[in-house]
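Trainee: What follows is structure_16.cif, made up of mmCIF, C-alpha atoms:
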data_work
loop_
_atom_site.label_atom_id
_atom_site.label_comp_id
_atom_site.auth_asym_id
_atom_site.auth_seq_id
_atom_site.Cartn_x
_atom_site.Cartn_y
_atom_site.Cartn_z
CA MET A 12 -4.26 -20.62 -31.99
CA PRO A 13 -2.32 -18.83 -29.24
CA SER A 14 1.00 -17.26 -30.17
CA ARG A 15 2.71 -19.86 -27.99
CA GLU A 16 1.96 -22.79 -25.66
CA LEU A 17 2.65 -22.22 -21.98
CA PRO A 18 3.58 -25.08 -19.63
CA TYR A 19 1.05 -23.98 -16.99
CA PRO A 20 -2.66 -23.05 -16.88
CA VAL A 21 -3.52 -19.42 -17.67
CA PHE A 22 -6.18 -17.49 -15.72
CA ASP A 23 -6.89 -14.03 -17.11
CA ALA A 24 -7.95 -11.51 -14.43
CA ASP A 25 -9.35 -8.99 -16.91
CA ASN A 26 -11.68 -10.02 -19.74
CA HIS A 27 -14.81 -8.16 -20.75
CA LEU A 28 -18.21 -8.95 -22.15
CA TYR A 29 -20.23 -6.54 -24.26
CA GLU A 30 -23.82 -6.17 -23.05
CA THR A 31 -26.93 -6.18 -25.21
CA GLU A 32 -29.42 -3.30 -25.05
CA GLU A 33 -31.62 -5.22 -22.62
CA ALA A 34 -28.86 -5.74 -20.05
CA LEU A 35 -29.88 -2.75 -17.93
CA THR A 36 -33.57 -2.71 -18.82
CA LYS A 37 -34.97 -6.25 -19.05
CA TYR A 38 -35.34 -6.73 -15.31
CA LEU A 39 -36.16 -3.19 -14.24
CA PRO A 40 -39.30 -3.28 -12.06
CA GLU A 41 -42.47 -1.58 -13.21
CA GLY A 42 -42.22 2.18 -12.82
CA TYR A 43 -38.48 2.34 -13.49
CA GLY A 44 -38.64 2.33 -17.29
CA ASN A 45 -37.27 5.85 -17.62
CA ALA A 46 -34.16 5.10 -15.58
CA VAL A 47 -32.28 3.69 -18.56
CA GLN A 48 -33.29 4.29 -22.17
CA TYR A 49 -31.78 3.95 -25.61
CA VAL A 50 -32.47 6.91 -27.87
CA ASN A 51 -31.73 7.85 -31.47
CA VAL A 52 -29.55 10.92 -31.95
CA ASN A 53 -28.88 11.86 -35.57
CA GLY A 54 -29.13 8.25 -36.64
CA ARG A 55 -26.95 6.86 -33.84
CA THR A 56 -28.13 4.99 -30.76
CA LYS A 57 -27.16 6.56 -27.46
CA ILE A 58 -27.85 5.61 -23.85
CA ALA A 59 -29.78 8.01 -21.61
CA ILE A 60 -29.70 7.76 -17.82
CA ARG A 61 -32.74 9.39 -16.24
CA GLY A 62 -33.37 11.28 -19.46
CA ARG A 63 -29.81 12.59 -19.84
CA ILE A 64 -27.81 11.31 -22.80
CA SER A 65 -24.35 10.01 -21.94
CA GLU A 66 -21.33 9.95 -24.25
CA PHE A 67 -19.30 7.90 -21.76
CA ILE A 68 -19.53 4.94 -24.12
CA PRO A 69 -19.86 6.30 -27.67
CA ASN A 70 -21.57 3.17 -29.03
CA PRO A 71 -23.53 1.55 -26.17
CA THR A 72 -25.15 -1.08 -28.42
CA PHE A 73 -21.70 -2.61 -29.05
CA GLU A 74 -22.85 -3.76 -32.48
CA VAL A 75 -19.69 -2.16 -33.85
CA VAL A 76 -16.63 -1.97 -31.58
CA ALA A 77 -12.97 -1.06 -31.66
CA ARG A 78 -10.66 -3.91 -32.57
CA PRO A 79 -9.12 -5.77 -29.62
CA GLY A 80 -5.66 -4.40 -29.01
CA ALA A 81 -6.12 -1.43 -31.34
CA GLN A 82 -4.19 0.81 -28.95
CA GLU A 83 -1.39 -1.63 -28.18
CA ASP A 84 1.24 0.28 -30.14
CA TYR A 85 0.01 3.55 -28.62
CA PHE A 86 0.55 2.27 -25.08
CA ARG A 87 3.83 0.54 -25.88
CA ARG A 88 5.52 3.29 -27.92
CA GLY A 89 3.49 6.37 -27.14
CA ASN A 90 2.31 8.65 -29.91
CA PRO A 91 5.36 10.55 -31.23
CA GLU A 92 3.61 11.28 -34.53
CA GLY A 93 0.68 12.95 -32.76
CA LYS A 94 -1.91 10.71 -34.42
CA SER A 95 -5.58 11.43 -33.89
CA ALA A 96 -7.76 9.04 -31.90
CA ARG A 97 -9.36 7.85 -35.15
CA GLU A 98 -5.94 7.06 -36.60
CA ILE A 99 -4.90 5.20 -33.44
CA PHE A 100 -8.07 3.11 -33.18
CA GLY A 101 -8.19 2.33 -36.87
CA LYS A 102 -11.10 0.65 -38.56
CA PRO A 103 -13.72 -0.77 -36.16
CA MET A 104 -15.24 -4.23 -36.42
CA LYS A 105 -18.64 -5.81 -36.02
CA ALA A 106 -19.02 -7.52 -32.65
CA ILE A 107 -18.50 -11.27 -32.90
CA PRO A 108 -20.58 -13.82 -30.95
CA ALA A 109 -17.71 -14.43 -28.49
CA PHE A 110 -18.12 -10.89 -27.17
CA ARG A 111 -21.72 -11.61 -26.11
CA ASP A 112 -22.16 -15.37 -25.71
CA PRO A 113 -20.38 -17.61 -23.17
CA ALA A 114 -20.32 -20.73 -25.36
CA ALA A 115 -18.69 -18.83 -28.21
CA ARG A 116 -16.34 -17.16 -25.74
CA LEU A 117 -15.16 -20.55 -24.46
CA GLU A 118 -14.29 -21.58 -28.00
CA LEU A 119 -12.29 -18.37 -28.43
CA MET A 120 -10.55 -18.89 -25.08
CA ASP A 121 -9.51 -22.37 -26.23
CA GLU A 122 -8.04 -20.83 -29.38
CA MET A 123 -6.23 -18.21 -27.30
CA GLY A 124 -4.84 -20.65 -24.75
CA LEU A 125 -6.82 -19.26 -21.81
CA GLU A 126 -8.03 -21.81 -19.31
CA ARG A 127 -10.13 -19.39 -17.21
CA ALA A 128 -11.04 -15.72 -17.09
CA LEU A 129 -12.79 -13.17 -14.95
CA MET A 130 -15.42 -11.48 -17.14
CA PHE A 131 -16.26 -7.86 -16.35
CA PRO A 132 -19.29 -6.01 -17.69
CA THR A 133 -18.65 -2.87 -19.70
CA LEU A 134 -21.81 -0.75 -19.29
CA ALA A 135 -21.68 -1.04 -15.50
CA SER A 136 -18.97 1.64 -15.45
CA LEU A 137 -21.43 4.43 -16.20
CA VAL A 138 -24.37 3.56 -13.93
CA GLU A 139 -23.42 4.52 -10.38
CA GLU A 140 -21.95 7.97 -10.96
CA ARG A 141 -24.98 9.05 -12.98
CA MET A 142 -27.34 7.91 -10.22
CA ARG A 143 -25.24 9.02 -7.26
CA ASP A 144 -28.02 11.21 -5.84
CA ASP A 145 -30.55 8.35 -5.84
CA PRO A 146 -29.24 5.37 -3.84
CA GLU A 147 -32.51 3.43 -4.08
CA LEU A 148 -32.51 3.66 -7.87
CA THR A 149 -28.86 2.66 -8.04
CA HIS A 150 -29.54 -0.56 -6.13
CA VAL A 151 -32.53 -1.35 -8.35
CA VAL A 152 -30.64 -0.85 -11.63
CA ILE A 153 -27.58 -2.75 -10.45
CA HIS A 154 -29.73 -5.72 -9.44
CA ALA A 155 -31.41 -5.64 -12.85
CA LEU A 156 -27.98 -5.82 -14.50
CA ASN A 157 -26.92 -8.68 -12.25
CA ARG A 158 -30.06 -10.65 -13.11
CA TRP A 159 -29.32 -10.22 -16.80
CA MET A 160 -25.71 -11.34 -16.30
CA LEU A 161 -26.83 -14.42 -14.40
CA GLU A 162 -29.34 -15.34 -17.09
CA THR A 163 -27.02 -14.70 -20.03
CA TRP A 164 -23.59 -15.70 -18.72
CA SER A 165 -24.18 -17.32 -15.29
CA PHE A 166 -21.65 -16.47 -12.59
CA GLY A 167 -19.38 -19.43 -13.32
CA HIS A 168 -19.86 -20.78 -16.83
CA LYS A 169 -18.41 -24.30 -17.11
CA GLY A 170 -16.07 -23.49 -14.23
CA ARG A 171 -14.00 -21.40 -16.65
CA ILE A 172 -15.70 -18.04 -17.17
CA PHE A 173 -16.43 -16.04 -14.03
CA PRO A 174 -18.58 -12.95 -14.69
CA THR A 175 -18.39 -10.36 -11.94
CA PRO A 176 -21.77 -9.19 -10.64
CA VAL A 177 -21.78 -5.64 -9.35
CA ILE A 178 -22.27 -4.59 -5.74
CA THR A 179 -23.21 -0.99 -5.02
CA LEU A 180 -22.80 0.18 -1.43
CA PRO A 181 -24.93 3.26 -0.61
CA ILE A 182 -27.44 1.26 1.47
CA VAL A 183 -25.45 -1.30 3.45
CA GLU A 184 -28.35 -3.66 4.11
CA LYS A 185 -29.18 -3.81 0.40
CA ALA A 186 -25.53 -4.38 -0.44
CA ILE A 187 -25.50 -7.39 1.87
CA GLU A 188 -28.72 -8.69 0.31
CA GLU A 189 -27.21 -8.34 -3.16
CA LEU A 190 -24.00 -10.06 -2.09
CA ASP A 191 -25.94 -12.98 -0.62
CA TRP A 192 -28.05 -13.26 -3.78
CA CYS A 193 -24.92 -13.28 -5.94
CA VAL A 194 -23.17 -15.91 -3.83
CA GLU A 195 -26.30 -18.09 -3.69
CA ASN A 196 -26.29 -18.00 -7.48
CA GLY A 197 -22.69 -19.11 -7.76
CA ALA A 198 -20.64 -15.89 -7.75
CA LYS A 199 -17.06 -16.21 -6.51
CA VAL A 200 -16.05 -12.62 -7.25
CA VAL A 201 -17.90 -9.30 -7.17
CA LEU A 202 -17.15 -5.94 -8.74
CA ILE A 203 -17.17 -2.77 -6.63
CA ARG A 204 -16.60 0.70 -8.05
CA PRO A 205 -13.39 2.30 -6.69
CA ALA A 206 -14.95 5.50 -5.40
CA PRO A 207 -16.35 7.11 -2.27
CA VAL A 208 -19.85 5.83 -1.54
CA PRO A 209 -22.60 8.41 -2.19
CA GLY A 210 -25.46 8.87 0.24
CA PRO A 211 -27.98 11.38 1.60
CA GLY A 212 -25.43 12.93 3.95
CA GLY A 213 -22.69 13.13 1.34
CA SER A 214 -20.05 10.70 0.13
CA ARG A 215 -17.87 8.70 2.51
CA SER A 216 -15.22 5.99 2.46
CA MET A 217 -16.39 2.39 2.16
CA ALA A 218 -13.74 1.57 4.77
CA LEU A 219 -15.57 3.33 7.60
CA PRO A 220 -17.09 1.14 10.35
CA GLU A 221 -20.64 1.61 9.04
CA PHE A 222 -19.70 -0.75 6.19
CA ASP A 223 -18.22 -3.42 8.47
CA PRO A 224 -21.33 -5.66 8.31
CA PHE A 225 -20.87 -5.84 4.54
CA TRP A 226 -17.14 -6.62 4.72
CA LYS A 227 -17.82 -9.20 7.42
CA ARG A 228 -20.22 -10.96 5.09
CA VAL A 229 -17.72 -10.79 2.22
CA VAL A 230 -15.14 -12.57 4.36
CA GLU A 231 -17.67 -15.13 5.61
CA THR A 232 -18.58 -16.05 2.03
CA GLY A 233 -14.94 -16.13 0.87
CA THR A 234 -15.77 -13.77 -1.98
CA LEU A 235 -13.03 -12.02 -3.93
CA VAL A 236 -13.61 -8.27 -4.32
CA ALA A 237 -12.44 -6.71 -7.59
CA PHE A 238 -11.90 -2.97 -7.84
CA HIS A 239 -11.97 -2.39 -11.59
CA ALA A 240 -11.41 0.98 -13.27
CA SER A 241 -14.68 2.87 -13.62
CA ASP A 242 -16.17 6.33 -13.61
CA SER A 243 -15.22 7.11 -10.02
CA GLY A 244 -16.63 10.61 -10.05
CA TYR A 245 -13.26 12.34 -10.03
CA GLU A 246 -14.10 14.19 -13.22
CA ARG A 247 -15.66 16.89 -11.03
CA TYR A 248 -12.21 17.70 -9.65
CA VAL A 249 -10.69 17.73 -13.13
CA ASN A 250 -13.51 20.05 -14.20
CA ASP A 251 -12.69 22.39 -11.32
CA HIS A 252 -9.22 22.83 -12.79
CA GLU A 253 -10.19 22.88 -16.45
CA GLY A 254 -13.20 25.13 -16.10
CA ASN A 255 -15.85 22.92 -17.66
CA ALA A 256 -18.68 20.67 -16.54
CA ARG A 257 -18.43 17.68 -18.84
CA GLU A 258 -18.96 14.05 -17.89
CA TYR A 259 -16.05 11.64 -17.78
CA LEU A 260 -15.21 10.65 -21.37
CA PRO A 261 -12.57 7.90 -21.23
CA PHE A 262 -11.95 7.99 -24.98
CA LYS A 263 -11.38 11.76 -25.01
CA PRO A 264 -8.83 12.30 -22.24
CA SER A 265 -7.17 15.63 -21.57
CA PRO A 266 -3.47 15.82 -20.62
CA PHE A 267 -4.35 17.00 -17.11
CA ARG A 268 -6.92 14.28 -16.58
CA SER A 269 -4.45 11.66 -17.80
CA LEU A 270 -1.91 12.97 -15.29
CA SER A 271 -4.25 12.28 -12.36
CA GLN A 272 -6.32 9.35 -13.64
CA TRP A 273 -5.11 6.84 -11.03
CA ARG A 274 -5.95 9.00 -8.03
CA PRO A 275 -9.26 7.16 -7.43
CA ILE A 276 -7.65 3.77 -6.88
CA GLU A 277 -4.76 5.18 -4.83
CA ASP A 278 -7.23 7.03 -2.62
CA LEU A 279 -9.48 3.99 -2.27
CA VAL A 280 -6.74 1.55 -1.34
CA GLY A 281 -5.25 4.15 0.99
CA SER A 282 -8.61 4.61 2.70
CA MET A 283 -9.12 0.86 3.08
CA ILE A 284 -5.84 0.82 5.01
CA CYS A 285 -5.91 4.15 6.87
CA HIS A 286 -9.56 3.79 7.91
CA GLY A 287 -8.77 0.31 9.21
CA ALA A 288 -11.06 -1.93 7.15
CA LEU A 289 -8.23 -4.24 6.07
CA SER A 290 -7.00 -4.53 9.65
CA ARG A 291 -10.49 -5.28 10.99
CA PHE A 292 -10.88 -7.86 8.20
CA PRO A 293 -7.39 -9.23 7.53
CA ASP A 294 -8.78 -12.08 5.43
CA LEU A 295 -10.49 -9.78 2.94
CA LYS A 296 -9.26 -10.58 -0.58
CA ILE A 297 -8.84 -7.57 -2.89
CA ALA A 298 -7.93 -7.59 -6.60
CA VAL A 299 -7.20 -4.25 -8.26
CA VAL A 300 -7.86 -4.62 -11.98
CA GLU A 301 -7.24 -2.30 -14.96
CA ASN A 302 -5.91 0.45 -12.74
CA GLY A 303 -2.29 -0.15 -13.59
CA ALA A 304 0.43 -0.08 -10.97
CA SER A 305 1.99 3.39 -11.24
CA TRP A 306 0.22 4.41 -8.03
CA VAL A 307 1.66 1.59 -5.92
CA GLU A 308 5.11 2.98 -5.13
CA PRO A 309 3.82 6.48 -4.20
CA LEU A 310 1.22 4.89 -1.95
CA ILE A 311 3.81 2.72 -0.23
CA LYS A 312 6.03 5.74 0.37
CA GLY A 313 3.09 7.77 1.65
CA LEU A 314 1.89 5.02 4.00
CA ALA A 315 5.39 4.51 5.38
CA ASN A 316 5.80 8.22 5.99
CA VAL A 317 2.44 8.61 7.73
CA HIS A 318 3.03 5.49 9.84
CA LYS A 319 6.41 6.85 10.94
CA LYS A 320 4.72 9.99 12.22
CA MET A 321 1.46 8.51 13.53
CA PRO A 322 2.09 4.87 14.52
CA HIS A 323 -0.57 5.13 17.23
CA GLN A 324 -3.20 5.71 14.52
CA PHE A 325 -2.66 2.26 12.96
CA ALA A 326 -3.44 -1.19 14.28
CA GLU A 327 -0.51 -2.58 12.28
CA ASP A 328 2.11 -1.60 9.71
CA PRO A 329 0.07 -0.17 6.80
CA VAL A 330 2.58 -1.21 4.14
CA GLU A 331 2.38 -4.81 5.32
CA VAL A 332 -1.41 -4.58 5.22
CA LEU A 333 -1.21 -3.52 1.57
CA ARG A 334 1.06 -6.44 0.77
CA ARG A 335 -1.16 -8.89 2.66
CA ASN A 336 -4.59 -8.01 1.30
CA VAL A 337 -4.18 -6.37 -2.09
CA HIS A 338 -3.43 -8.07 -5.41
CA ILE A 339 -2.71 -5.99 -8.48
CA SER A 340 -3.15 -6.60 -12.19
CA PRO A 341 -0.66 -4.19 -13.78
CA PHE A 342 -0.79 -2.93 -17.33
CA TRP A 343 1.27 -5.10 -19.64
CA GLU A 344 3.51 -2.16 -20.60
CA GLU A 345 4.58 -1.49 -16.98
CA ASP A 346 7.70 -2.69 -15.16
CA MET A 347 6.63 -6.10 -13.86
CA ALA A 348 9.86 -6.87 -12.04
CA HIS A 349 9.63 -3.60 -10.12
CA LEU A 350 6.05 -4.34 -9.05
CA VAL A 351 7.17 -7.78 -7.88
CA ASP A 352 9.87 -6.09 -5.80
CA LEU A 353 7.28 -3.72 -4.29
CA MET A 354 4.45 -6.19 -3.59
CA GLY A 355 5.89 -9.70 -3.83
CA VAL A 356 5.25 -12.09 -6.70
CA ASP A 357 2.23 -13.64 -4.98
CA ARG A 358 0.33 -10.34 -5.29
CA VAL A 359 0.62 -9.79 -9.05
CA LEU A 360 -2.09 -10.90 -11.49
CA PHE A 361 -2.13 -11.20 -15.28
CA GLY A 362 -4.93 -9.30 -17.01
CA SER A 363 -5.22 -8.73 -20.76
CA ASP A 364 -8.30 -6.44 -20.89
CA TYR A 365 -9.50 -8.45 -23.91
CA PRO A 366 -11.37 -7.47 -26.11
CA HIS A 367 -11.03 -3.78 -25.29
CA PRO A 368 -8.86 -1.67 -27.63
CA GLU A 369 -6.46 -0.72 -24.83
CA GLY A 370 -5.82 -4.38 -24.06
CA LEU A 371 -3.99 -7.17 -25.87
CA ALA A 372 -5.30 -8.81 -29.04
CA ASP A 373 -3.30 -11.90 -28.08
CA PRO A 374 -3.65 -12.22 -24.28
CA ILE A 375 -0.94 -14.87 -23.97
CA SER A 376 1.61 -12.36 -25.27
CA TYR A 377 1.49 -10.76 -21.79
CA VAL A 378 4.09 -13.36 -20.79
CA ASP A 379 6.64 -11.63 -23.03
CA ASP A 380 6.72 -8.77 -20.54
CA LEU A 381 7.55 -11.25 -17.77
CA ALA A 382 10.64 -12.54 -19.56
CA GLY A 383 12.97 -11.28 -16.84
CA LEU A 384 11.27 -13.36 -14.15
CA PRO A 385 11.82 -17.05 -13.33
CA GLU A 386 9.29 -19.42 -14.94
CA ALA A 387 7.87 -20.30 -11.52
CA ASP A 388 7.07 -16.62 -10.94
CA GLN A 389 5.63 -16.31 -14.44
CA ALA A 390 3.32 -19.23 -13.68
CA LYS A 391 2.06 -17.51 -10.53
CA ILE A 392 1.35 -14.24 -12.33
CA MET A 393 -0.23 -15.84 -15.41
CA GLY A 394 -2.71 -17.85 -13.38
CA GLY A 395 -1.50 -19.40 -10.17
CA ASN A 396 -2.17 -16.40 -7.94
CA LEU A 397 -5.72 -15.87 -9.19
CA SER A 398 -6.42 -19.59 -8.90
CA ARG A 399 -5.46 -19.39 -5.24
CA LEU A 400 -7.73 -16.38 -4.68
CA MET A 401 -10.68 -18.11 -6.34
CA ALA A 402 -10.24 -21.43 -4.53
#
Written as structure tokens, how would this file's structure read?
Mentor:
Amino acid sequence: MPSRELPYPVFDADNHLYETEEALTKYLPEGYGNAVQYVNVNGRTKIAIRGRISEFIPNPTFEVVARPGAQEDYFRRGNPEGKSAREIFGKPMKAIPAFRDPAARLELMDEMGLERALMFPTLASLVEERMRDDPELTHVVIHALNRWMLETWSFGHKGRIFPTPVITLPIVEKAIEELDWCVENGAKVVLIRPAPVPGPGGSRSMALPEFDPFWKRVVETGTLVAFHASDSGYERYVNDHEGNAREYLPFKPSPFRSLSQWRPIEDLVGSMICHGALSRFPDLKIAVVENGASWVEPLIKGLANVHKKMPHQFAEDPVEVLRRNVHISPFWEEDMAHLVDLMGVDRVLFGSDYPHPEGLADPISYVDDLAGLPEADQAKIMGGNLSRLMA
């Protein structure tokens, strides 16, 4: 049972499913079998992308996983004792059916007091960056994943679980085709990696006019776009400073990387505003998920300062654009009241990150960190705002 009963429906903006080994491979077309493989390394199963083993997700089978909420104390109190990662994560657990099966997940949601939830894939985070030099392959693998998600979870199970199919953007026409396919199959929300879009001529902002046909179609279909934390490719800049060439390893962060880890989302949202996409498409609905909110105030200050100096470069006030189009799911340990002051209560979304270790074992307990807000505002954050976006 949930830790408490709430007098309003709860809609969680950040739940996760754990994929099976066939998620990325079952629907790969003939000739693409080497794109994604599972290999045995010293008795442990690892995932290999185009023949290169990745440690991005240490256990990509998800047969054994970290306990939900294992890092809750770490994020709430810090780590004054200097515990090791193993000590912080504690003993792992075998994956339960609710992590992989929508019917079992609904039963668990009932026990937790969740009426609805967005359901993000987990493996999707590693695909695009490791295929950034092959746009065609990226589109093929992403579509294979989306087909598996549709078959296994659907895109709107019982009107309560809303898995987020992935849209990759390197080839705009294919991105539109994928969006249309997702919407035709019931998707109300899509997941886009918060990163510059790779291509033959180099990376570029997804807010440039060449992507306008895609954003136009997003608005026409009424689809919510979620920018969820991912491997955004910024590890190359960290490596430049730290003098190594490793891949992004989210469970082995360095102090310097942790200092700059929210640059990708700040840069992306800033580009969507400064490059004019959100002014050309003022009805575009954006949800920023599992990126925290520490970047919001610096971005607001930066936008205000640039607008003061270059008003002629903007179609409208950039800070007001941010507050109109962008909705943010902050980390539960952040200052909710301050974010409400910055963005307005209608732009704040509850997300528990269940069942990931950095999330909450009891999603409903998120409301404890809203205690300083009126109940009407709590109701908006815990579900009302996301319900409006998904209507």
Trainee: Calculate how many Å separate CA of Pro174 (chain A) from CA of Met160 (chain A), rounding to one decimal.
Mentor: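 Interatomic distance, CA of Pro174 (chain A) to CA of Met160 (chain A): 7.5 Å.
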Trainee: Return the single residue from A:Phe166, A:Tyr49, A:Phe325, A:Tyr245 that is closest to Gln272 (chain A), with distances computed using all atoms listed in the file.
Mentor: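 Closest residue, counting all atoms listed in the file: A:Tyr245.
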Trainee: So how many Å separate CA of Met283 (chain A) and CA of Gly233 (chain A), to one decimal?
Mentor: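 Taking CA of Met283 (chain A) as the start and CA of Gly233 (chain A) as the end point, the length is 18.1 Å.
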Trainee: Within 12 Å of region 110-130 of chain A, which residues of region 178-212 of chain A come that close, and what is the closest atom pair and distance in Å for each? Count only C-alpha atoms and give it as a tab-separated table.
Mentor:
residue	atom	partner	partner_atom	distance
A:Ala198	CA	A:Leu129	CA	11.0
A:Lys199	CA	A:Leu129	CA	9.9
A:Val200	CA	A:Leu129	CA	8.4
A:Val201	CA	A:Leu129	CA	10.1
A:Leu202	CA	A:Met130	CA	10.2
Trainee: So which residues touch His154 (chain A) within 12 Å, counting only C-alpha atoms, skipping near sequence neighbours fewer than 6 positions away, as a PDB file with C-alpha atoms, keeping the file's coordinate frame?
Mentor:
ATOM      1  CA  ALA A  34     -28.860  -5.740 -20.050  1.00  0.00           C
ATOM      2  CA  LEU A  35     -29.880  -2.750 -17.930  1.00  0.00           C
ATOM      3  CA  THR A  36     -33.570  -2.710 -18.820  1.00  0.00           C
ATOM      4  CA  LYS A  37     -34.970  -6.250 -19.050  1.00  0.00           C
ATOM      5  CA  TYR A  38     -35.340  -6.730 -15.310  1.00  0.00           C
ATOM      6  CA  LEU A  39     -36.160  -3.190 -14.240  1.00  0.00           C
ATOM      7  CA  PRO A  40     -39.300  -3.280 -12.060  1.00  0.00           C
ATOM      8  CA  ALA A 135     -21.680  -1.040 -15.500  1.00  0.00           C
ATOM      9  CA  VAL A 138     -24.370   3.560 -13.930  1.00  0.00           C
ATOM     10  CA  GLU A 147     -32.510   3.430  -4.080  1.00  0.00           C
ATOM     11  CA  LEU A 148     -32.510   3.660  -7.870  1.00  0.00           C
ATOM     12  CA  MET A 160     -25.710 -11.340 -16.300  1.00  0.00           C
ATOM     13  CA  LEU A 161     -26.830 -14.420 -14.400  1.00  0.00           C
ATOM     14  CA  PRO A 176     -21.770  -9.190 -10.640  1.00  0.00           C
ATOM     15  CA  VAL A 177     -21.780  -5.640  -9.350  1.00  0.00           C
ATOM     16  CA  ILE A 178     -22.270  -4.590  -5.740  1.00  0.00           C
ATOM     17  CA  THR A 179     -23.210  -0.990  -5.020  1.00  0.00           C
ATOM     18  CA  LYS A 185     -29.180  -3.810   0.400  1.00  0.00           C
ATOM     19  CA  ALA A 186     -25.530  -4.380  -0.440  1.00  0.00           C
ATOM     20  CA  GLU A 188     -28.720  -8.690   0.310  1.00  0.00           C
ATOM     21  CA  GLU A 189     -27.210  -8.340  -3.160  1.00  0.00           C
ATOM     22  CA  LEU A 190     -24.000 -10.060  -2.090  1.00  0.00           C
ATOM     23  CA  TRP A 192     -28.050 -13.260  -3.780  1.00  0.00           C
ATOM     24  CA  CYS A 193     -24.920 -13.280  -5.940  1.00  0.00           C
TER      25      CYS A 193
END
